[in-house]
Amino acid sequence: MGIALPKNASRILVAGSHANNLGYQCGGWTIAWQGLSGNNITAGTTILSAITTAVDHSSTEVVYSENPDGDFVKSNNFSYAIVIVGEHPYAESQGDSLNLTIADSVVAAWLPGSEGHGVADVLFGDYGFTGKLACTWFKTVDQLPMNVGDSHYDPLFPFGFGLTTEPVQA
């Protein structure tokens with residue numbers, strides 16, 4: 001089964017604090033202990049740049065806005081949006097958060113590092129998704145601790161949840 005976003009959509013919105021930030025993609029321990037922000041700290045490709053490279057340039061416009069408001073989104077007739085968000089880089093619990101709000105569709109890319117092409121490749125179906133959660137993804141921090149077999153085991157995504165797809169043939 002192949003799942004992919006179309007490369008030839010007329011307009012694609014790319015948004016989010018991590019779309020155009022190599023430091024955020026790399027995270028803590030990569031460049032510095034608590035991580036850094038920005039694109040001039042290491043060589044690499046942001047996810048935004050990879051998306052822009054991957055689409056059909058003759059028919060697709062990629063529009064980047066880090067934090068667009070509702071009016072901007074509604075008035076620009078986007079075919080779809082890709083929102084890249086995450087925590088600010090940190091190490092050793094320095095950035096732990098009690099807010100676990102996430103979007104309805106999620107690709108957990110767990111610090112994709114310096115090459116955003118890896119994320120774009122699976123979003124657009126050049127490579128299939130493959131992976132299973134190595135931990136339980138709980139709904140709220142109030143559920144912690146939660147482990148498989150607990151009487152209160154009711155996660156958002158259970159241990160081992162995942163998706164495996166085949167590449168989409170052009």
# chains A, B, ... in the order shown; residues from 1 in each chain; ligands from 1
>>> residues_around(residues="Ser65 (chain A)", least_positions_apart="4", cutoff="8 Å", atoms="only C-alpha atoms", output="list in words")
Leu13, Val14, Ala15 and Gly16 of chain A
>>> closest_atom_pairs(of="region 23-100 of chain A", to="region 124-127 of chain A", cutoff="10 Å", atoms="only C-alpha atoms", output="CSV")
residue,atom,partner,partner_atom,distance
A:Ile51,CA,A:Phe124,CA,8.6
A:Ala54,CA,A:Phe124,CA,7.7
A:Val55,CA,A:Phe124,CA,8.3
>>> select_by_dssp(residues="region 1-165 of chain A", states="alpha helix (DSSP H)", output="list in words")
Leu22, Gly23, Tyr24, Gln25, Cys26, Ile47, Leu48, Ser49, Ala50, Ile51, Thr52, Thr53, Ala54, Gly70, Asp71, Phe72, Val73, Lys74, Ser75, His117, Gly118, Val119, Ala120, Asp121, Val122 and Leu123 of chain A
>>> closest_residue(among="A:Val122, A:Leu22, A:Val62, A:Leu156", to="Phe138 (chain A)", atoms="only C-alpha atoms")
A:Leu156
>>> atom_distance(atom1="CA of Thr60 (chain A)", atom2="CA of Pro6 (chain A)")
9.8 Å
>>> closest_residue(among="A:Pro68, A:Ile31, A:Pro155, A:Leu36", to="Gln143 (chain A)", atoms="only C-alpha atoms")
A:Pro155
